[in-house]
$ cat target08.txt   # compact mmCIF, C-alpha atoms
# COMPACT_ATOMS: atom_id res chain seq x y z
CA MET A 17 79.94 358.71 77.58
CA THR A 18 80.57 359.96 74.07
CA GLN A 19 83.40 357.44 73.67
CA LEU A 20 81.09 354.57 74.71
CA ILE A 21 78.50 355.64 72.15
CA ILE A 22 81.21 355.71 69.48
CA ILE A 23 82.32 352.17 70.43
CA ILE A 24 78.72 350.88 70.34
CA LEU A 25 78.05 352.53 66.98
CA GLY A 26 81.31 351.14 65.63
CA THR A 27 80.41 347.63 66.78
CA ILE A 28 76.98 347.92 65.18
CA ALA A 29 78.61 349.10 61.97
CA VAL A 30 80.99 346.11 61.96
CA ILE A 31 78.13 343.70 62.60
CA ALA A 32 76.13 345.36 59.87
CA ILE A 33 79.02 345.09 57.44
CA ILE A 34 79.52 341.42 58.36
CA TYR A 35 75.79 340.77 57.97
CA ILE A 36 75.66 342.60 54.66
CA ARG A 37 78.67 340.58 53.51
CA TYR A 38 76.94 337.41 54.71
CA LEU A 39 73.80 338.35 52.79
CA PHE A 40 75.88 339.17 49.75
CA LEU A 41 77.65 335.82 49.99
CA LEU A 42 74.33 334.02 50.35
CA TYR A 43 72.97 335.89 47.37
CA SER A 44 76.08 335.11 45.32
CA ILE A 45 76.18 331.37 46.20
CA PRO A 46 74.45 330.23 42.98
CA GLN A 47 77.01 332.14 40.91
CA GLN A 48 79.84 330.82 43.09
CA ILE A 49 78.57 327.26 42.60
CA GLU A 50 78.69 327.72 38.84
CA ARG A 51 82.22 329.17 39.14
CA ALA A 52 83.28 326.10 41.16
CA LYS A 53 81.82 323.75 38.56
CA ALA A 54 83.74 325.51 35.82
CA CYS A 55 86.95 325.52 37.87
CA PHE A 56 86.82 321.76 38.36
CA GLU A 57 87.64 321.50 34.65
CA THR A 58 90.77 323.67 34.91
CA ASP A 59 91.81 324.30 38.52
CA GLN A 60 90.52 321.85 41.12
CA ARG A 61 92.23 323.63 44.02
CA LYS A 62 90.43 326.86 43.21
CA ALA A 63 87.13 324.98 42.86
CA VAL A 64 87.57 323.41 46.30
CA ALA A 65 88.48 326.82 47.79
CA ILE A 66 85.28 328.35 46.39
CA LEU A 67 83.18 325.49 47.80
CA ASP A 68 84.93 325.78 51.19
CA SER A 69 84.06 329.48 51.31
CA ILE A 70 80.43 328.66 50.48
CA LEU A 71 80.23 326.02 53.21
CA SER A 72 81.77 328.39 55.75
CA VAL A 73 78.75 330.62 55.20
CA ASP A 74 76.14 327.97 54.42
CA ARG A 75 77.23 324.69 55.99
CA GLY A 76 74.17 322.77 54.80
CA ASN A 77 74.28 323.92 51.19
CA PRO A 78 73.30 320.75 49.28
CA LEU A 79 75.04 321.58 45.97
CA ALA A 80 78.35 322.57 47.57
CA ASN A 81 78.36 319.43 49.72
CA TRP A 82 77.39 317.30 46.71
CA LEU A 83 80.21 318.71 44.58
CA MET A 84 82.73 318.26 47.40
CA ALA A 85 81.58 314.67 47.95
CA HIS A 86 82.06 313.79 44.29
CA PHE A 87 85.45 315.47 44.22
CA HIS A 88 86.60 313.14 47.03
CA ILE A 89 84.90 310.10 45.46
CA LYS A 90 86.86 310.76 42.27
CA HIS A 91 90.06 310.51 44.33
CA THR A 92 88.76 307.43 46.26
CA ARG A 93 88.63 309.37 49.54
CA TYR A 94 85.37 307.73 50.57
CA ILE A 95 85.38 308.71 54.24
CA LEU A 96 85.77 312.42 53.36
CA ALA A 97 83.05 312.06 50.74
CA LEU A 98 80.71 310.59 53.36
CA LYS A 99 81.35 313.58 55.63
CA PHE A 100 79.83 315.92 53.03
CA LEU A 101 76.99 313.54 52.15
CA ASN A 102 76.06 313.26 55.82
CA GLU A 103 75.84 317.05 55.99
CA ILE A 104 73.29 316.96 53.17
CA VAL A 105 71.25 314.34 55.04
CA ASN A 106 71.48 316.24 58.34
CA PHE A 107 70.17 319.48 56.84
CA ALA A 108 67.76 317.66 54.47
CA ARG A 109 67.65 320.57 52.01
CA TYR A 110 67.06 318.39 48.97
CA ASN A 111 66.22 319.80 45.54
CA ASP A 112 65.86 318.66 41.94
CA GLU A 113 69.61 318.56 41.45
CA VAL A 114 70.46 316.87 44.77
CA THR A 115 67.72 314.40 45.64
CA GLU A 116 67.54 312.31 48.79
CA GLN A 117 67.48 309.15 46.68
CA ASP A 118 70.70 310.09 44.87
CA VAL A 119 72.42 311.00 48.13
CA ARG A 120 71.47 307.81 49.97
CA GLU A 121 72.31 305.61 46.96
CA THR A 122 75.74 307.20 46.82
CA MET A 123 76.21 306.76 50.58
CA SER A 124 75.21 303.09 50.43
CA GLN A 125 77.67 302.49 47.60
CA LEU A 126 80.48 304.17 49.55
CA TYR A 127 79.71 302.14 52.67
CA LEU A 128 79.86 298.98 50.55
CA ASN A 129 83.20 300.10 49.12
CA LEU A 130 84.47 300.56 52.69
CA GLY A 131 83.09 297.17 53.76
CA ASN A 132 80.70 298.69 56.28
CA ILE A 133 77.79 296.37 55.54
CA GLU A 134 75.58 297.49 58.44
CA LYS A 135 75.61 301.17 57.45
CA ALA A 136 75.06 300.27 53.80
CA LEU A 137 72.05 298.16 54.80
CA ALA A 138 70.69 301.04 56.86
CA GLN A 139 70.71 303.23 53.74
CA PHE A 140 69.15 300.41 51.69
CA THR A 141 66.34 300.12 54.26
CA ILE A 142 65.55 303.85 54.08
CA LEU A 143 65.69 303.77 50.27
CA GLN A 144 63.36 300.78 50.05
CA GLN A 145 60.86 302.45 52.36
CA LYS A 146 60.80 305.65 50.33
CA TYR A 147 61.86 304.88 46.76
CA ASN A 148 62.27 302.20 44.09
CA MET A 149 65.86 301.16 44.55
CA PRO A 150 67.83 300.68 41.31
CA SER A 151 68.14 297.02 40.44
CA SER A 152 71.90 297.29 39.90
CA LEU A 153 72.44 298.56 43.46
CA VAL A 154 70.32 295.78 44.98
CA LYS A 155 72.28 293.13 43.06
CA LYS A 156 75.62 294.58 44.12
CA ALA A 157 74.49 294.74 47.74
CA VAL A 158 73.32 291.13 47.72
CA THR A 159 76.52 289.94 46.07
CA ILE A 160 78.71 291.73 48.63
CA LEU A 161 76.60 290.39 51.51
CA LEU A 162 77.07 286.87 50.17
CA GLU A 163 80.81 287.33 49.82
CA ALA A 164 80.89 288.57 53.42
CA GLY A 165 78.95 285.48 54.55
CA ASN A 166 75.83 287.44 55.60
CA ILE A 167 73.43 285.02 53.94
CA ASN A 168 70.34 285.94 55.97
CA ASP A 169 70.74 289.66 55.28
CA ALA A 170 71.28 288.89 51.59
CA LYS A 171 68.13 286.77 51.45
CA ASN A 172 66.06 289.42 53.21
CA LEU A 173 67.22 292.15 50.86
CA LEU A 174 66.76 289.93 47.82
CA GLU A 175 63.28 288.72 48.76
CA THR A 176 62.13 292.32 49.33
CA SER A 177 63.27 293.21 45.82
CA LEU A 178 62.19 290.06 43.94
CA SER A 179 58.57 291.17 43.62
CA LYS A 180 59.66 294.50 42.12
CA TYR A 181 61.64 292.89 39.29
CA PRO A 182 59.75 289.65 38.41
CA GLU A 183 61.14 289.45 34.86
CA ASP A 184 64.79 289.98 35.76
CA GLY A 185 66.41 286.55 35.50
CA GLU A 186 69.51 287.67 37.35
CA TYR A 187 67.49 287.72 40.57
CA ASP A 188 66.68 284.03 40.06
CA TYR A 189 70.37 283.42 39.49
CA ILE A 190 71.38 285.29 42.66
CA LEU A 191 68.79 283.37 44.69
CA ALA A 192 70.13 280.14 43.17
CA THR A 193 73.63 281.01 44.43
CA ILE A 194 72.21 281.33 47.95
CA LEU A 195 70.32 278.04 47.67
CA PHE A 196 73.51 276.42 46.38
CA LYS A 197 75.43 277.62 49.44
CA GLU A 198 72.68 276.07 51.58
CA LYS A 199 73.04 272.79 49.60
CA GLU A 200 69.48 273.07 48.28
CA TYR A 201 70.63 271.80 44.90
CA VAL A 202 67.23 270.87 43.45
CA LYS A 203 65.75 274.28 44.30
CA ALA A 204 68.87 276.03 43.02
CA GLU A 205 68.67 274.17 39.70
CA THR A 206 64.99 275.16 39.35
CA LYS A 207 65.85 278.81 39.89
CA LEU A 208 68.68 278.65 37.35
CA GLU A 209 66.34 277.15 34.76
CA SER A 210 63.88 279.98 35.51
CA ALA A 211 66.68 282.51 34.98
CA LEU A 212 67.45 280.96 31.58
CA LYS A 213 63.79 281.25 30.54
CA LYS A 214 63.89 284.95 31.44
CA GLY A 215 66.92 285.48 29.24
CA TYR A 216 69.75 285.47 31.77
CA THR A 217 72.40 283.45 29.90
CA GLN A 218 75.66 284.59 31.50
CA SER A 219 78.56 282.16 31.79
CA ASP A 220 78.38 282.16 35.61
CA LEU A 221 74.89 280.63 35.39
CA TYR A 222 76.13 277.77 33.18
CA PHE A 223 79.07 277.22 35.51
CA LEU A 224 76.75 276.88 38.52
CA LEU A 225 74.46 274.53 36.57
CA GLY A 226 77.56 272.50 35.74
CA LYS A 227 78.56 272.31 39.40
CA ILE A 228 75.08 271.16 40.45
CA SER A 229 74.97 268.51 37.71
CA PHE A 230 78.46 267.38 38.71
CA ILE A 231 77.42 267.04 42.36
CA ASN A 232 74.32 265.09 41.30
CA LYS A 233 76.55 262.80 39.19
CA ASN A 234 74.78 263.82 35.98
CA PHE A 235 78.11 263.98 34.21
CA ASP A 236 76.91 264.44 30.62
CA LYS A 237 74.88 267.52 31.58
CA ALA A 238 77.74 268.81 33.74
CA PHE A 239 80.14 268.49 30.81
CA ASP A 240 77.83 270.41 28.45
CA TYR A 241 77.16 273.19 30.96
CA LEU A 242 80.84 273.65 31.78
CA LEU A 243 81.72 273.92 28.11
CA GLN A 244 78.93 276.49 27.66
CA SER A 245 80.34 278.53 30.52
CA GLY A 246 83.80 278.49 28.98
CA GLY A 247 85.21 278.98 32.47
CA LYS A 248 84.38 282.71 32.30
CA GLY A 249 83.66 284.22 35.69
CA ALA A 250 84.52 280.90 37.36
CA ASP A 251 87.25 279.75 39.68
CA LEU A 252 89.56 278.35 36.99
CA ILE A 253 91.12 275.81 39.36
CA GLU A 254 87.70 274.44 40.24
CA TYR A 255 86.57 274.61 36.61
CA ASN A 256 89.63 272.72 35.31
CA SER A 257 89.40 270.16 38.11
CA MET A 258 85.79 269.32 37.24
CA LEU A 259 86.46 269.36 33.51
CA GLY A 260 89.43 267.03 33.95
CA GLN A 261 87.34 264.61 36.01
CA LEU A 262 84.58 264.71 33.38
CA PHE A 263 87.03 263.90 30.58
CA TYR A 264 88.19 260.99 32.74
CA LYS A 265 84.63 259.74 33.19
CA LYS A 266 84.02 260.07 29.44
CA GLY A 267 87.08 257.90 28.79
CA ASP A 268 89.19 260.67 27.24
CA TYR A 269 92.16 260.03 29.51
CA ARG A 270 94.70 261.95 27.42
CA GLN A 271 92.62 265.14 27.62
CA ALA A 272 92.04 264.58 31.34
CA ILE A 273 95.78 264.26 31.92
CA ASP A 274 96.58 267.40 29.92
CA ILE A 275 94.03 269.53 31.82
CA MET A 276 94.90 268.25 35.29
CA GLU A 277 98.67 268.43 34.82
CA SER A 278 98.39 272.08 33.77
CA THR A 279 96.10 272.71 36.77
CA LEU A 280 98.64 271.28 39.21
CA GLU A 281 101.16 273.89 38.07
CA ARG A 282 98.86 276.70 39.26
CA ILE A 283 97.16 275.24 42.32
CA ASP A 284 98.11 276.20 45.87
CA ASP A 285 99.07 273.40 48.29
CA LYS A 286 96.35 274.52 50.74
CA ASN A 287 93.60 274.32 48.11
CA PRO A 288 91.36 271.31 48.99
CA ILE A 289 90.75 270.72 45.27
CA LYS A 290 94.36 269.60 44.90
CA SER A 291 93.63 266.15 46.34
CA ALA A 292 90.94 265.49 43.69
CA VAL A 293 93.31 266.62 40.92
CA PHE A 294 96.05 264.29 42.18
CA TYR A 295 93.62 261.38 42.56
CA TYR A 296 91.96 261.64 39.15
CA LEU A 297 95.24 262.39 37.42
CA GLY A 298 96.45 259.11 38.92
CA CYS A 299 93.27 257.35 37.74
CA SER A 300 93.80 258.71 34.21
CA HIS A 301 97.37 257.40 34.14
CA GLU A 302 96.02 254.08 35.45
CA LYS A 303 93.68 253.83 32.46
CA LYS A 304 96.58 254.61 30.13
CA GLY A 305 98.45 251.66 31.66
CA ASN A 306 101.03 253.75 33.51
CA ILE A 307 100.43 252.17 36.91
CA GLU A 308 103.71 253.25 38.51
CA LYS A 309 103.04 256.91 37.74
CA ALA A 310 99.48 256.49 39.04
CA LEU A 311 100.79 254.94 42.27
CA GLY A 312 103.15 257.89 42.76
CA LEU A 313 100.26 260.36 42.47
CA TRP A 314 97.96 258.33 44.75
CA LYS A 315 100.71 258.12 47.37
CA ARG A 316 100.95 261.91 47.40
CA VAL A 317 97.21 262.01 48.07
CA ALA A 318 97.40 259.31 50.75
CA ASN A 319 100.31 261.01 52.53
CA ASN A 320 98.91 264.54 52.50
CA TYR A 321 95.12 264.13 52.55
CA THR A 322 94.12 261.65 55.25
CA LYS A 323 90.43 261.56 54.27
CA TYR A 324 91.12 260.25 50.74
CA GLN A 325 90.55 256.53 51.47
CA SER A 326 89.99 255.60 47.81
CA ALA A 327 93.63 256.48 47.03
CA ARG A 328 94.84 254.18 49.79
CA ASP A 329 92.53 251.41 48.52
CA LYS A 330 94.03 251.64 45.05
CA ILE A 331 97.59 251.62 46.41
CA SER A 332 96.83 248.52 48.48
CA PHE A 333 95.16 246.81 45.52
CA TYR A 334 98.05 247.29 43.11
CA GLU A 335 100.78 246.57 45.64
CA ASN A 336 99.12 243.49 47.17
CA VAL A 337 96.69 242.07 44.60
CA ALA A 338 97.24 243.12 40.98
CA GLN A 339 101.02 242.86 40.89
CA LYS A 340 101.50 240.98 37.62
CA PRO A 341 101.80 242.81 34.28
CA HIS A 342 98.98 240.84 32.60
CA GLU A 343 96.63 241.67 35.49
CA ARG A 344 97.44 245.34 35.30
CA ALA A 345 97.03 245.30 31.51
CA LEU A 346 93.55 243.84 31.86
CA LEU A 347 92.55 246.49 34.38
CA ALA A 348 93.83 249.30 32.14
CA MET A 349 92.24 248.20 28.87
CA PRO A 350 89.38 250.29 27.41
CA SER A 351 85.77 249.22 28.01
CA ASP A 352 85.27 248.04 24.42
CA ALA A 353 88.38 245.86 24.70
CA LEU A 354 87.05 244.40 27.98
CA ASP A 355 83.77 243.63 26.19
CA ALA A 356 85.57 241.85 23.34
CA LEU A 357 87.78 239.88 25.74
CA SER A 358 84.80 238.93 27.91
CA ARG A 359 82.97 237.56 24.88
CA GLN A 360 86.05 235.46 24.02
CA LEU A 361 86.11 234.14 27.59
CA ALA A 362 82.41 233.26 27.45
CA SER A 363 82.97 231.38 24.20
CA SER A 364 85.95 229.50 25.72
CA MET A 365 83.67 228.48 28.60
CA ASN A 366 81.09 227.18 26.06
CA TYR A 367 78.68 230.08 26.44
CA GLU A 368 77.07 231.92 23.57
CA ILE A 369 76.40 235.60 24.35
CA ASN A 370 72.84 236.72 23.58
CA ASP A 371 72.45 240.31 24.77
CA LEU A 372 74.60 242.96 26.46
CA ILE A 373 72.54 244.06 29.50
CA ARG A 374 74.84 246.46 31.33
CA GLU A 375 78.21 248.03 30.59
CA SER A 376 80.34 250.35 32.70
CA ASP A 377 84.01 251.21 32.95
CA ASN A 378 84.57 248.31 35.34
CA SER A 379 82.08 245.63 34.33
CA VAL A 380 80.01 244.02 31.59
CA GLU A 381 76.88 241.88 32.04
CA TYR A 382 75.20 239.64 29.45
CA THR A 383 72.54 237.02 29.01
CA ALA A 384 74.09 233.87 27.55
CA THR A 385 73.27 230.23 26.83
CA LEU A 386 75.39 227.13 27.01
CA GLN A 387 76.35 226.21 23.43
CA LYS A 388 75.51 222.56 24.04
CA ASP A 389 72.01 223.48 25.24
CA THR A 390 70.07 223.48 21.98
CA MET A 391 66.74 224.01 23.77
CA PHE A 392 67.91 227.35 25.26
CA ALA A 393 66.54 226.31 28.61
CA ASN A 394 69.62 227.19 30.62
CA ILE A 395 69.82 230.98 30.18
CA CYS A 396 72.72 232.31 32.24
CA TYR A 397 73.41 235.79 33.55
CA PHE A 398 77.12 236.22 32.76
CA VAL A 399 79.04 238.93 34.64
CA VAL A 400 82.64 240.13 34.31
CA ASN A 401 83.67 242.59 37.06
CA ARG A 402 87.17 244.08 37.18
CA SER A 403 86.63 246.71 39.88
CA VAL A 404 89.64 247.33 42.09
CA LEU A 405 87.22 247.43 45.03
CA PRO A 406 85.90 244.05 46.27
CA MET A 407 82.44 242.96 45.14
CA THR A 408 80.12 243.21 48.13
CA TYR A 409 77.16 241.24 49.41
CA LYS A 410 74.92 243.96 47.95
CA ASP A 411 76.64 243.76 44.55
CA VAL A 412 75.83 240.05 44.32
CA LYS A 413 72.27 240.65 45.57
CA ASP A 414 71.75 243.23 42.80
CA ILE A 415 73.03 240.78 40.19
CA MET A 416 70.55 238.19 41.48
CA ILE A 417 67.74 240.73 40.99
CA ARG A 418 68.87 241.47 37.41
CA LYS A 419 69.09 237.74 36.73
CA THR A 420 65.42 237.36 37.71
CA ILE A 421 64.34 240.42 35.68
CA ASN A 422 66.06 238.95 32.60
CA LYS A 423 64.49 235.51 33.20
CA CYS A 424 67.80 233.73 33.60
CA LYS A 425 68.23 230.42 35.41
CA TYR A 426 71.89 230.64 36.41
CA ILE A 427 74.56 233.19 37.23
CA THR A 428 78.26 233.11 36.40
CA ILE A 429 80.52 235.82 37.85
CA ILE A 430 84.13 236.53 36.91
CA TYR A 431 85.64 238.73 39.59
CA PHE A 432 88.92 240.35 40.52
CA LEU A 433 88.09 240.83 44.20
CA MET A 434 85.12 239.61 46.24
CA GLU A 435 84.32 239.94 49.94
CA ASP A 436 83.92 236.69 51.93
CA GLN A 437 80.28 237.48 52.69
CA ALA A 438 79.60 237.91 48.98
CA LYS A 439 81.30 234.58 48.21
CA GLU A 440 79.18 232.88 50.86
CA LEU A 441 76.01 234.33 49.32
CA ALA A 442 77.13 233.06 45.90
CA ARG A 443 77.76 229.56 47.22
CA ASP A 444 74.38 229.45 49.01
CA ASN A 445 72.60 230.35 45.76
CA ASN A 446 74.56 228.06 43.41
CA ILE A 447 76.23 230.98 41.67
CA GLU A 448 79.30 229.97 39.67
CA ILE A 449 82.21 232.28 40.51
CA HIS A 450 85.71 232.44 39.00
CA PRO A 451 88.68 234.70 39.81
CA PHE A 452 90.17 236.80 37.01
CA SER A 453 92.95 234.25 36.60
CA ILE A 454 90.48 232.33 34.42
CA PHE A 455 91.48 234.65 31.56
CA LYS A 456 95.01 233.29 31.83
CA LYS A 457 93.73 229.73 32.13
CA TYR A 458 92.15 230.06 28.68
CA LYS A 459 95.26 231.81 27.38
CA LEU A 460 93.42 235.05 26.73
CA LEU A 461 96.10 237.11 28.52
$ encode --input "target08.txt" --output "structure tokens"
Amino acid sequence: MTQLIIIILGTIAVIAIIYIRYLFLLYSIPQQIERAKACFETDQRKAVAILDSILSVDRGNPLANWLMAHFHIKHTRYILALKFLNEIVNFARYNDEVTEQDVRETMSQLYLNLGNIEKALAQFTILQQKYNMPSSLVKKAVTILLEAGNINDAKNLLETSLSKYPEDGEYDYILATILFKEKEYVKAETKLESALKKGYTQSDLYFLLGKISFINKNFDKAFDYLLQSGGKGADLIEYNSMLGQLFYKKGDYRQAIDIMESTLERIDDKNPIKSAVFYYLGCSHEKKGNIEKALGLWKRVANNYTKYQSARDKISFYENVAQKPHERALLAMPSDALDALSRQLASSMNYEINDLIRESDNSVEYTATLQKDTMFANICYFVVNRSVLPMTYKDVKDIMIRKTINKCKYITIIYFLMEDQAKELARDNNIEIHPFSIFKKYKLL
């Protein structure tokens, strides 16, 4: 009996000692936390050992868990960091130094780093319900959602935050990127202009404005915007491809060739942009008079990109229609040279040019009078069209409309190619038509 009492008293003593030690450890935790903080500067292993001993006694200690989480974040061990942050959330013993907002913001960032969008969104939802989420975190979340293709989630998160930051132009920009992906180009452009008014003037905004203007065929605006962006933050292959095409459309063929040739050296064969670079590089060489080089580039497009019909049309035109050097020279000459040559042709045909009505890379249109007609009664609408694509029924119809608008009595058309239906329309309306060989007839080529 005495022995049993001794055992019981001994057990009680051990428990008491353990409890006293536990109380002592609890009491000393604040000092131990400070020791751990200091040790992180000199001996990280010792700091971690101190924190481990604290958590063995007080598993839900917010400061110990917070310090351990940041230790693992520093070493990019995000899953281990989340383990300690989840402990803080589970015990919910928040204080001034470890707030719920800070913990959940850190968790959401780690989930984003790990690519776990759903769990990151869950933290965002809780944060939005309880606190004002930092703008920077919202923007990063939306951007990552967009990159992951979760457009609806991105829009929902963005729209919830838009009202909180009405003067932040970057939100208009982010929304514009979503609208752009949805091919809502007019709305996207409006949002980008709003972002500019609010002071958001980053290069990525100008690049997107350039892309929208390019798609809408507003090439002058596209050119200006792309230059303002400087290609910073943009896909350089896409940027150079557009810029090369814009130089081509502006008639600066040498610059277009330089940009697109350097782009071809860096572009991957699977990149869909490669077909446009080949095609417009060929077109630039065409305008410089190097038809054989252009044909070689177009053939690469035609052989490898089945949807590029315009390349096949050009190959067919040069191999079956414009085979002679003088014909190819006329097609390659600059627009101002075509204008001068067309005026010479008009004079040779006894016309006197009055006004230039329309001018493009492939055609010029004038009002003219017959030189022998001193009463100026027979005003003619004089058209020279050197397009490598055949003039259509609609093309002739449009010329007839412009003839009426300019109060002309007759029409004369010089063409390189014309569809049969268009020729029939011309005959039915007493339109005088001549093939491009008329330049040679008057010894102008």
$ residues_around --input "target08.txt" --residues "Val317 of chain A" --least-positions-apart "3" --cutoff "9 Å" --atoms "all atoms listed in the file" --output "PyMOL selection string"
chain A and resi 290-292+294-295+312-314+320-322+324+327-328
$ closest_residue --input "target08.txt" --among "A:Met258, A:Leu162, A:Phe87, A:Gly215" --to "Ile231 of chain A" --atoms "all atoms listed in the file"
A:Met258
$ residues_around --input "target08.txt" --residues "His342 of chain A" --least-positions-apart "3" --cutoff "8 Å" --atoms "only C-alpha atoms" --output "VMD selection string"
chain A and resid 345 to 346 461
$ atom_distance --input "target08.txt" --atom1 "atom CA of Asn111 of chain A" --atom2 "atom CA of Ala52 of chain A"
18.7 Å
$ residues_around --input "target08.txt" --residues "segment 65-78 of chain A" --least-positions-apart "2" --cutoff "8 Å" --atoms "all atoms listed in the file" --output "MDAnalysis selection string"
chainID A and resid 38 41:42 45 48:49 51:52 61:63 80:82 84 103:104 106:107 109:110 114
$ atom_distance --input "target08.txt" --atom1 "atom CA of Cys299 of chain A" --atom2 "atom CA of Ile430 of chain A"
22.8 Å
$ residues_around --input "target08.txt" --residues "Asn256 of chain A" --least-positions-apart "6" --cutoff "8 Å" --atoms "only C-alpha atoms" --output "list in words"
Ile275, Met276 and Thr279 of chain A
$ residues_around --input "target08.txt" --residues "Leu208 of chain A" --least-positions-apart "6" --cutoff "8 Å" --atoms "all atoms listed in the file" --output "NGL selection string"
:A and (188-189 or 192 or 221 or 225)
$ residues_near_point --input "target08.txt" --point "(64.8, 284.7, 31.7)" --cutoff "9 Å" --atoms "all atoms listed in the file" --output "ChimeraX atom specification"
/A:183-186,188,209-217
$ closest_residue --input "target08.txt" --among "A:Arg443, A:Ile449, A:Arg93, A:Thr383" --to "Lys425 of chain A" --atoms "only C-alpha atoms"
A:Thr383
